[in-house]
Amino acid sequence: MSFNPVYGQGMSVAALAAVALRDCLRRGVTDLPRRYFRETAKAIGVAWQTGATSDLAFAEVEGRRTPLMRVTNRLADLVLTACESDVVVGTRFFRVTGLLDPPTRLLDPSFLFRVATVNLRRRQRHSRPGQAAVASPVERDSPLP
C-alpha cells in the first residue's frame with residue numbers, strides 16, 4: 001500500500017505509526033504486533049479514506065462512487081474555495097488533511113456556516129458588474145460572524 005503523494009500524508013502517517021509503536025512498547029511486548037497494527041490502522045484508515053475519496057472526484061480515476069463520496073467531494077470543493085480567502089477555514093482544513101484533527105471537524109455547524117458565508121460573499125463579489133475579482137484589504141481581512 002502507498003499513499004498518493006499529492007495529499008502529503010505519508011510522513012504524517014509514518015509519524016503517527018512511530019507514536020503508536022512507542023505507546024505500545026511502553027505497555028510491554030505482550031501481543032505487540034496485534035496491538036500495534038490495531039493502533040496504526042486508525043491513522044492509516046483516515047488517511048487512506050481521505051485520499052481515496054479525493055481521488056474519486058476525478059472522472060479518469062476508476063472506482064465506485066457512492067452518493068456520500070459525491071457529497072463529500074462537493075463539500076471539499078467548497079472548503080477549498082473558502083481556503084483561498086479565509087485563514088480560519090484554511091487552518092482547519094490543513095489540520096484535518098495533516099491528520100492533526102479528525103475529518104469530523106469539517107462537519108461542525110459553525111465551520112460549515114463559515115464556509116457557506118465565505119463562498120456566498122465570493123459569489124456576490126464576482127457577480128457584480130465592474131467589480132474587481134480581488135477583494136480589497138479591508139474586505140478580505142474582515143472577520144466573519
# chains A, B, ... in the order shown; residues from 1 in each chain; ligands from 1

$ select_by_dssp --residues "range 59-91 of chain A" --states "alpha helix (DSSP H)" --output "JSON, numbers by chain"
{"A": [67, 68, 69, 70, 71, 72, 73, 74, 75, 76, 77, 78, 79, 80, 81, 82, 83, 87, 88, 89, 90, 91]}

$ write_last_selection --atoms "N, CA, C and O atoms" --output "mmCIF file, in the first residue's frame"
data_model
loop_
_atom_site.group_PDB
_atom_site.id
_atom_site.type_symbol
_atom_site.label_atom_id
_atom_site.label_comp_id
_atom_site.auth_asym_id
_atom_site.auth_seq_id
_atom_site.Cartn_x
_atom_site.Cartn_y
_atom_site.Cartn_z
ATOM 1 N N PRO A 67 -23.036 7.944 -3.253
ATOM 2 C CA PRO A 67 -23.616 9.280 -3.049
ATOM 3 C C PRO A 67 -22.889 10.060 -1.938
ATOM 4 O O PRO A 67 -22.687 11.259 -2.060
ATOM 5 N N LEU A 68 -22.479 9.367 -0.883
ATOM 6 C CA LEU A 68 -21.751 10.036 0.195
ATOM 7 C C LEU A 68 -20.429 10.611 -0.313
ATOM 8 O O LEU A 68 -20.038 11.722 0.068
ATOM 9 N N MET A 69 -19.730 9.884 -1.171
ATOM 10 C CA MET A 69 -18.472 10.388 -1.738
ATOM 11 C C MET A 69 -18.719 11.641 -2.568
ATOM 12 O O MET A 69 -17.934 12.585 -2.527
ATOM 13 N N ARG A 70 -19.807 11.641 -3.316
ATOM 14 C CA ARG A 70 -20.120 12.818 -4.141
ATOM 15 C C ARG A 70 -20.390 14.035 -3.265
ATOM 16 O O ARG A 70 -19.924 15.138 -3.539
ATOM 17 N N VAL A 71 -21.136 13.841 -2.193
ATOM 18 C CA VAL A 71 -21.416 14.941 -1.259
ATOM 19 C C VAL A 71 -20.117 15.396 -0.593
ATOM 20 O O VAL A 71 -19.851 16.600 -0.469
ATOM 21 N N THR A 72 -19.306 14.453 -0.173
ATOM 22 C CA THR A 72 -18.034 14.770 0.466
ATOM 23 C C THR A 72 -17.140 15.574 -0.465
ATOM 24 O O THR A 72 -16.520 16.569 -0.055
ATOM 25 N N ASN A 73 -17.063 15.161 -1.727
ATOM 26 C CA ASN A 73 -16.218 15.876 -2.672
ATOM 27 C C ASN A 73 -16.759 17.269 -2.978
ATOM 28 O O ASN A 73 -15.993 18.214 -3.157
ATOM 29 N N ARG A 74 -18.073 17.421 -3.003
ATOM 30 C CA ARG A 74 -18.661 18.760 -3.217
ATOM 31 C C ARG A 74 -18.346 19.663 -2.027
ATOM 32 O O ARG A 74 -17.985 20.824 -2.192
ATOM 33 N N LEU A 75 -18.465 19.116 -0.825
ATOM 34 C CA LEU A 75 -18.115 19.878 0.369
ATOM 35 C C LEU A 75 -16.635 20.263 0.333
ATOM 36 O O LEU A 75 -16.270 21.403 0.654
ATOM 37 N N ALA A 76 -15.777 19.328 -0.054
ATOM 38 C CA ALA A 76 -14.342 19.613 -0.138
ATOM 39 C C ALA A 76 -14.071 20.743 -1.127
ATOM 40 O O ALA A 76 -13.233 21.616 -0.866
ATOM 41 N N ASP A 77 -14.787 20.766 -2.250
ATOM 42 C CA ASP A 77 -14.628 21.861 -3.216
ATOM 43 C C ASP A 77 -14.987 23.202 -2.582
ATOM 44 O O ASP A 77 -14.282 24.202 -2.779
ATOM 45 N N LEU A 78 -16.078 23.230 -1.835
ATOM 46 C CA LEU A 78 -16.495 24.474 -1.183
ATOM 47 C C LEU A 78 -15.489 24.910 -0.119
ATOM 48 O O LEU A 78 -15.177 26.097 0.011
ATOM 49 N N VAL A 79 -14.961 23.948 0.632
ATOM 50 C CA VAL A 79 -13.957 24.257 1.654
ATOM 51 C C VAL A 79 -12.688 24.784 0.989
ATOM 52 O O VAL A 79 -12.120 25.797 1.421
ATOM 53 N N LEU A 80 -12.238 24.139 -0.076
ATOM 54 C CA LEU A 80 -11.032 24.598 -0.774
ATOM 55 C C LEU A 80 -11.206 26.004 -1.329
ATOM 56 O O LEU A 80 -10.285 26.818 -1.270
ATOM 57 N N THR A 81 -12.375 26.299 -1.862
ATOM 58 C CA THR A 81 -12.640 27.644 -2.363
ATOM 59 C C THR A 81 -12.573 28.649 -1.220
ATOM 60 O O THR A 81 -11.982 29.721 -1.355
ATOM 61 N N ALA A 82 -13.161 28.309 -0.082
ATOM 62 C CA ALA A 82 -13.130 29.203 1.076
ATOM 63 C C ALA A 82 -11.706 29.361 1.620
ATOM 64 O O ALA A 82 -11.348 30.432 2.120
ATOM 65 N N CYS A 83 -10.885 28.321 1.497
ATOM 66 C CA CYS A 83 -9.491 28.392 1.962
ATOM 67 C C CYS A 83 -8.707 29.490 1.246
ATOM 68 O O CYS A 83 -7.751 30.037 1.802
ATOM 69 N N VAL A 87 -8.483 32.466 6.467
ATOM 70 C CA VAL A 87 -7.426 31.765 7.199
ATOM 71 C C VAL A 87 -7.986 30.757 8.199
ATOM 72 O O VAL A 87 -7.374 29.711 8.438
ATOM 73 N N VAL A 88 -9.142 31.029 8.765
ATOM 74 C CA VAL A 88 -9.738 30.089 9.729
ATOM 75 C C VAL A 88 -10.120 28.793 9.019
ATOM 76 O O VAL A 88 -9.820 27.694 9.497
ATOM 77 N N VAL A 89 -10.766 28.909 7.874
ATOM 78 C CA VAL A 89 -11.140 27.729 7.095
ATOM 79 C C VAL A 89 -9.877 26.990 6.643
ATOM 80 O O VAL A 89 -9.781 25.764 6.766
ATOM 81 N N GLY A 90 -8.910 27.733 6.145
ATOM 82 C CA GLY A 90 -7.666 27.115 5.686
ATOM 83 C C GLY A 90 -6.941 26.373 6.788
ATOM 84 O O GLY A 90 -6.469 25.249 6.597
ATOM 85 N N THR A 91 -6.870 26.977 7.957
ATOM 86 C CA THR A 91 -6.179 26.345 9.083
ATOM 87 C C THR A 91 -6.861 25.041 9.484
ATOM 88 O O THR A 91 -6.207 24.013 9.656
#

$ residues_around --residues "range 16-32 of chain A" --least-positions-apart "5" --cutoff "8 Å" --atoms "only C-alpha atoms" --output "list in words"
Glu39, Thr40 and Ala43 of chain A

$ write_last_selection --atoms "N, CA and C atoms" --output "short mmCIF file (atom, residue, chain, number, x, y, z; two decimals), in the first residue's frame"
data_model
loop_
_atom_site.label_atom_id
_atom_site.label_comp_id
_atom_site.auth_asym_id
_atom_site.auth_seq_id
_atom_site.Cartn_x
_atom_site.Cartn_y
_atom_site.Cartn_z
N GLU A 39 -3.64 -0.20 16.50
CA GLU A 39 -3.48 1.24 16.78
C GLU A 39 -3.15 2.02 15.50
N THR A 40 -2.26 1.51 14.68
CA THR A 40 -1.88 2.25 13.46
C THR A 40 -2.98 2.21 12.41
N ALA A 43 -5.01 5.65 12.14
CA ALA A 43 -4.41 6.74 11.36
C ALA A 43 -4.37 6.40 9.88
#

$ residues_around --residues "Gly51 in chain A" --least-positions-apart "6" --cutoff "10 Å" --atoms "only C-alpha atoms" --output "PyMOL selection string"
chain A and resi 3-9+45+97

$ atom_distance --atom1 "CA of Val13 in chain A" --atom2 "CA of Phe58 in chain A"
23.9 Å

$ atom_distance --atom1 "CA of Arg105 in chain A" --atom2 "CA of Val46 in chain A"
12.9 Å

$ atom_distance --atom1 "CA of Gly98 in chain A" --atom2 "CA of Thr66 in chain A"
24.5 Å
